[in-house]
Structures are given as structure tokens and as C-alpha cells.
Amino acid sequence: MSQYHVPVLLNESVSALNIEENRNGVFADVTFGGGGHSREILERLGPKGKLIAFDRDSDAIANAPKDKRLIMVHNNFRFIQNYVRALGFIGKIDGILGDLGVSSHQFDTGERGFSFRFDAKLDMRMNTLGGKSAADVVNSYPQEELTRIFKVYGELDKPWKAAELICRWRENSPIETTGDLSKAVAKLYTSFNEHKFLAQLYQALRIEVNMEMRALEDFLNGTLACLRPQGRLSVITYHSLEDRMVKNFMKSGNTDGKEGKDFYGRSLSPFTLVNRKPILPPEDEISSNPRSRSAKLRVAELTDGK
């Protein structure tokens with residue numbers, strides 16, 4: 001198994017795609033990352049099967065295996081519908097898998113700026129070829145906007161205070177590194193709650209930098225056109241914001257969770273839930289891979305294809 005990233009809920013998420021029922025079908029892994037899930041899908045695919053894999057990280061693309069059944073797309077999964085249509089598979093995808101976590105490689109590569117464990121450049125971009133960095137956000141966003149980000153994406157107890165301290169710090173010197181950021185907000189945490197507070201703060205910035213919630217909504221909506229009838233959607237989430245969006249979408253066909261009813265009161269949702277409750281990692285997986293402890297797997301099957 002690749003050491004680039006340890007895949008979470010590997011067997012559970014891939015088995016949910018029902019590849020064995022259509023080994024020569026077309027599947028998609030929209031978060032290639034370290035390639036663990038994709039390699040498992042390829043192991044189960046037949047010789048005429050196809051796997052479309054998405055990732056916007058150049059490091060992940062470079063880690064892709066050489067396999068004629070694999071089609072790599074170097075772009076954000078929010079554009080899944082466009083690429084699937086261009087490839088000629090619109091409405092024909094048998095299963096789509098998404099693991100929404102940041103890869104171990106990204107967390108463990110200090111210069112990427114995803115982790116407060118390293119004093120490095122404050123970057124956090126999934127695609128390092130363009131776009132604003134986390135340093136751009138903390139040094140240029142107005143205090144009110146920073147407050148919103150920390151409240152909505154980080155669910156901090158005192159988002160306004162974190163924003164205030166950052167704005168006060170940057171008046172004297174720019175916040176360029178992870179160390180600078182941690183020092184700027186040091187008054188808000190102690191050794192007791194340091195890890196939790198900084199994890200929430202960094203999560204909020206990462207989501208903003210990579211437009212993760214907007215990308216997730218676009219991706220989910222795109223799956224409706226991509227999947228064939230009875231095609232499966234298998235998604236692993238790691239925090240409440242994305243899990244709520246995935247749960248709502250699978251329940252109702254929209255991210256707001258507004259479930260339509262017909263004249264007889266029957267649900268108009270395009271999906272049937274495969275698992276009513278999320279599938280969680282077993283204790284042995286959490287012990288061997290602590291980053292899996294917050295993971296939740298939800299699976300749904302498209303009923304009418306639209």
C-alpha cells in the first residue's frame with residue numbers, strides 16, 4: 001500500500017460501489033489523493049472497465065499508477081459533470097467514490113502549510129499552481145469576513161476575537177508562516193485546548209482557500225447527471241459541515257435537505273439510502289490510523305437517474 005496516504009474505510013467505501021456486479025463498468029474516484037481507493041477499485045475492475053480519477057494536486061497526479069483503464073483528470077471534482085460528458089460517459093457511471101479528507105501527504109509535507117505542527121509558509125492550496133493562499137486570506141480579508149469564516153467553517157467559540165487578534169497582528173507585520181498565525185491568536189488557547197482550537201482555525205482557512213463547500217455542492221449536484229440508474233454514490237466525510245451537506249443531498253437530492261413529496265406523500269428524492277446511519281471506522285483502523293477517527297461513510301443509490 002502506498003505510504004503517500006493511508007486510505008480510510010477502504011474496503012467499506014469501495015465495496016459500496018458494487019463493482020463485482022459490473023466489473024467492466026465505468027467508475028469514478030473524485031479524490032485520488034494517494035491513490036489507495038483508486039488502486040483498490042482497479043484491483044476489482046475487469047480488463048474492459050474504466051476508472052476516472054480526479055485530483056487538483058500535482059503531487060497526487062505524479063503518484064498515479066500506469067494503467068490503461070485509468071483516466072486521470074488534473075482538476076477539481078466540482079467539474080465532474082463537464083469532464084464525464086466530454087469523455088462520453090454522462091449518465092453511464094456505475095459508481096462514484098469521494099474521500100473528502102486532506103491526504104496524509106499534504107498534512108505531513110510541512111511546506112504545504114496545512115498543519116500547525118510545522119513552522120512553514122502559510123499556503124494550504126490544494127492546487128499550488130494558482131489561487132490565493134491562506135496567507136493572502138489572513139492578511140487581506142476584512143475583520144468581518146474573517147469572523148464569518150471562523151464561525152461558519154471553523155465553528156470557533158469566539159470567531160470575532162480570533163479575527164480581531166489577526167487584524168491587530170498584521171498591522172505591525174504580515175502573517176506569512178504557520179508559526180506567525182499561531183502566535184497571533186495565542187491568547188485564545190492554552191496547552192489544554194491548543195490542538196482543538198488550532199485544528200478548527202486551520203480547517204476554516206483551508207476550506208476558504210480551496211472553496212471546499214462550494215466545490216462539494218457543485219460535485220454533488222453533478223453526480224445526478226453522471227450516474228446511471230442504480231449507480232452508487234459513496235462519500236467519506238470528516239467534519240460536520242460536509243457531512244450535513246452529503247446527508248441532505250442523499251436524503252433529498254439537494255444540499256438544503258428539502259425533500260419533495262408527490263400527491264400521495266411519497267418521497268421524490270432521486271436517491272435510495274443504502275445505509276441509514278453512517279458507517280464508521282472500526283476500532284482497529286482508528287488505532288492504526290488516528291486520522292480516520294472522525295470519518296463517516298454514507299452511501300446512496302440513484303433510483304431514476306435524474
# chains A, B, ... in the order shown; residues from 1 in each chain; ligands from 1
call {"tool": "select_by_dssp", "arguments": {"residues": "range 213-275 of chain A", "states": "strand (DSSP E or B)", "output": "compact mmCIF listing (two decimals) with N, CA, C and O atoms, in the first residue's frame"}}
result
# COMPACT_ATOMS: atom_id res chain seq x y z
N LEU A 227 -24.35 9.67 -12.94
CA LEU A 227 -24.67 8.29 -12.57
C LEU A 227 -25.76 7.69 -13.48
O LEU A 227 -26.67 8.38 -13.91
N ARG A 228 -25.67 6.41 -13.70
CA ARG A 228 -26.74 5.68 -14.36
C ARG A 228 -27.78 5.30 -13.31
O ARG A 228 -27.49 5.33 -12.10
N PRO A 229 -29.00 4.91 -13.73
CA PRO A 229 -29.96 4.40 -12.74
C PRO A 229 -29.37 3.21 -11.99
O PRO A 229 -28.74 2.34 -12.58
N GLN A 230 -29.53 3.21 -10.68
CA GLN A 230 -28.96 2.23 -9.75
C GLN A 230 -27.45 2.39 -9.57
O GLN A 230 -26.80 1.53 -8.97
N GLY A 231 -26.89 3.49 -10.08
CA GLY A 231 -25.49 3.79 -9.81
C GLY A 231 -25.32 4.23 -8.37
O GLY A 231 -26.22 4.80 -7.76
N ARG A 232 -24.16 3.95 -7.82
CA ARG A 232 -23.90 4.21 -6.39
C ARG A 232 -23.03 5.44 -6.18
O ARG A 232 -22.10 5.72 -6.94
N LEU A 233 -23.34 6.17 -5.10
CA LEU A 233 -22.53 7.30 -4.63
C LEU A 233 -22.03 6.97 -3.24
O LEU A 233 -22.82 6.74 -2.32
N SER A 234 -20.70 6.92 -3.07
CA SER A 234 -20.06 6.53 -1.81
C SER A 234 -19.15 7.67 -1.38
O SER A 234 -18.15 7.95 -2.05
N VAL A 235 -19.47 8.33 -0.25
CA VAL A 235 -18.74 9.53 0.15
C VAL A 235 -18.29 9.45 1.61
O VAL A 235 -19.10 9.15 2.51
N ILE A 236 -17.01 9.73 1.85
CA ILE A 236 -16.45 9.76 3.21
C ILE A 236 -16.25 11.21 3.61
O ILE A 236 -15.58 11.98 2.90
N THR A 237 -16.82 11.61 4.74
CA THR A 237 -16.68 12.97 5.25
C THR A 237 -15.90 12.96 6.57
O THR A 237 -15.74 11.91 7.21
N LYS A 261 -42.38 15.78 -1.96
CA LYS A 261 -43.34 14.68 -1.86
C LYS A 261 -44.31 14.73 -3.04
O LYS A 261 -44.66 15.81 -3.52
N SER A 267 -41.77 10.15 -1.19
CA SER A 267 -40.59 10.97 -1.42
C SER A 267 -40.26 11.05 -2.91
O SER A 267 -40.33 10.06 -3.63
N PHE A 271 -32.61 9.51 -4.81
CA PHE A 271 -31.75 8.51 -4.20
C PHE A 271 -32.50 7.59 -3.24
O PHE A 271 -33.49 7.98 -2.62
N THR A 272 -31.97 6.39 -3.12
CA THR A 272 -32.36 5.47 -2.05
C THR A 272 -31.14 5.30 -1.16
O THR A 272 -30.04 5.00 -1.65
N LEU A 273 -31.29 5.50 0.13
CA LEU A 273 -30.18 5.35 1.05
C LEU A 273 -29.81 3.89 1.20
O LEU A 273 -30.66 3.04 1.47
call {"tool": "residues_around", "arguments": {"residues": "Val30 in chain A", "least_positions_apart": "4", "cutoff": "12 Å", "atoms": "only C-alpha atoms", "output": "PyMOL selection string"}}
result
chain A and resi 35+37-38+51-56+71-81+83-84+95-101+215-216+219-220+222-223+233-236
call {"tool": "closest_residue", "arguments": {"among": "A:Asn82, A:Asn210, A:Ser292, A:Thr147", "to": "Gly130 in chain A", "atoms": "only C-alpha atoms"}}
result
A:Asn210
call {"tool": "select_by_dssp", "arguments": {"residues": "range 88-209 of chain A", "states": "helix (DSSP H, G or I)", "output": "PyMOL selection string"}}
result
chain A and resi 104-108+110-112+134-140+143-152+159-170+178-184+186-188+194-209
call {"tool": "atom_distance", "arguments": {"atom1": "CA of Gly257 in chain A", "atom2": "CA of Ala16 in chain A"}}
result
22.6 Å
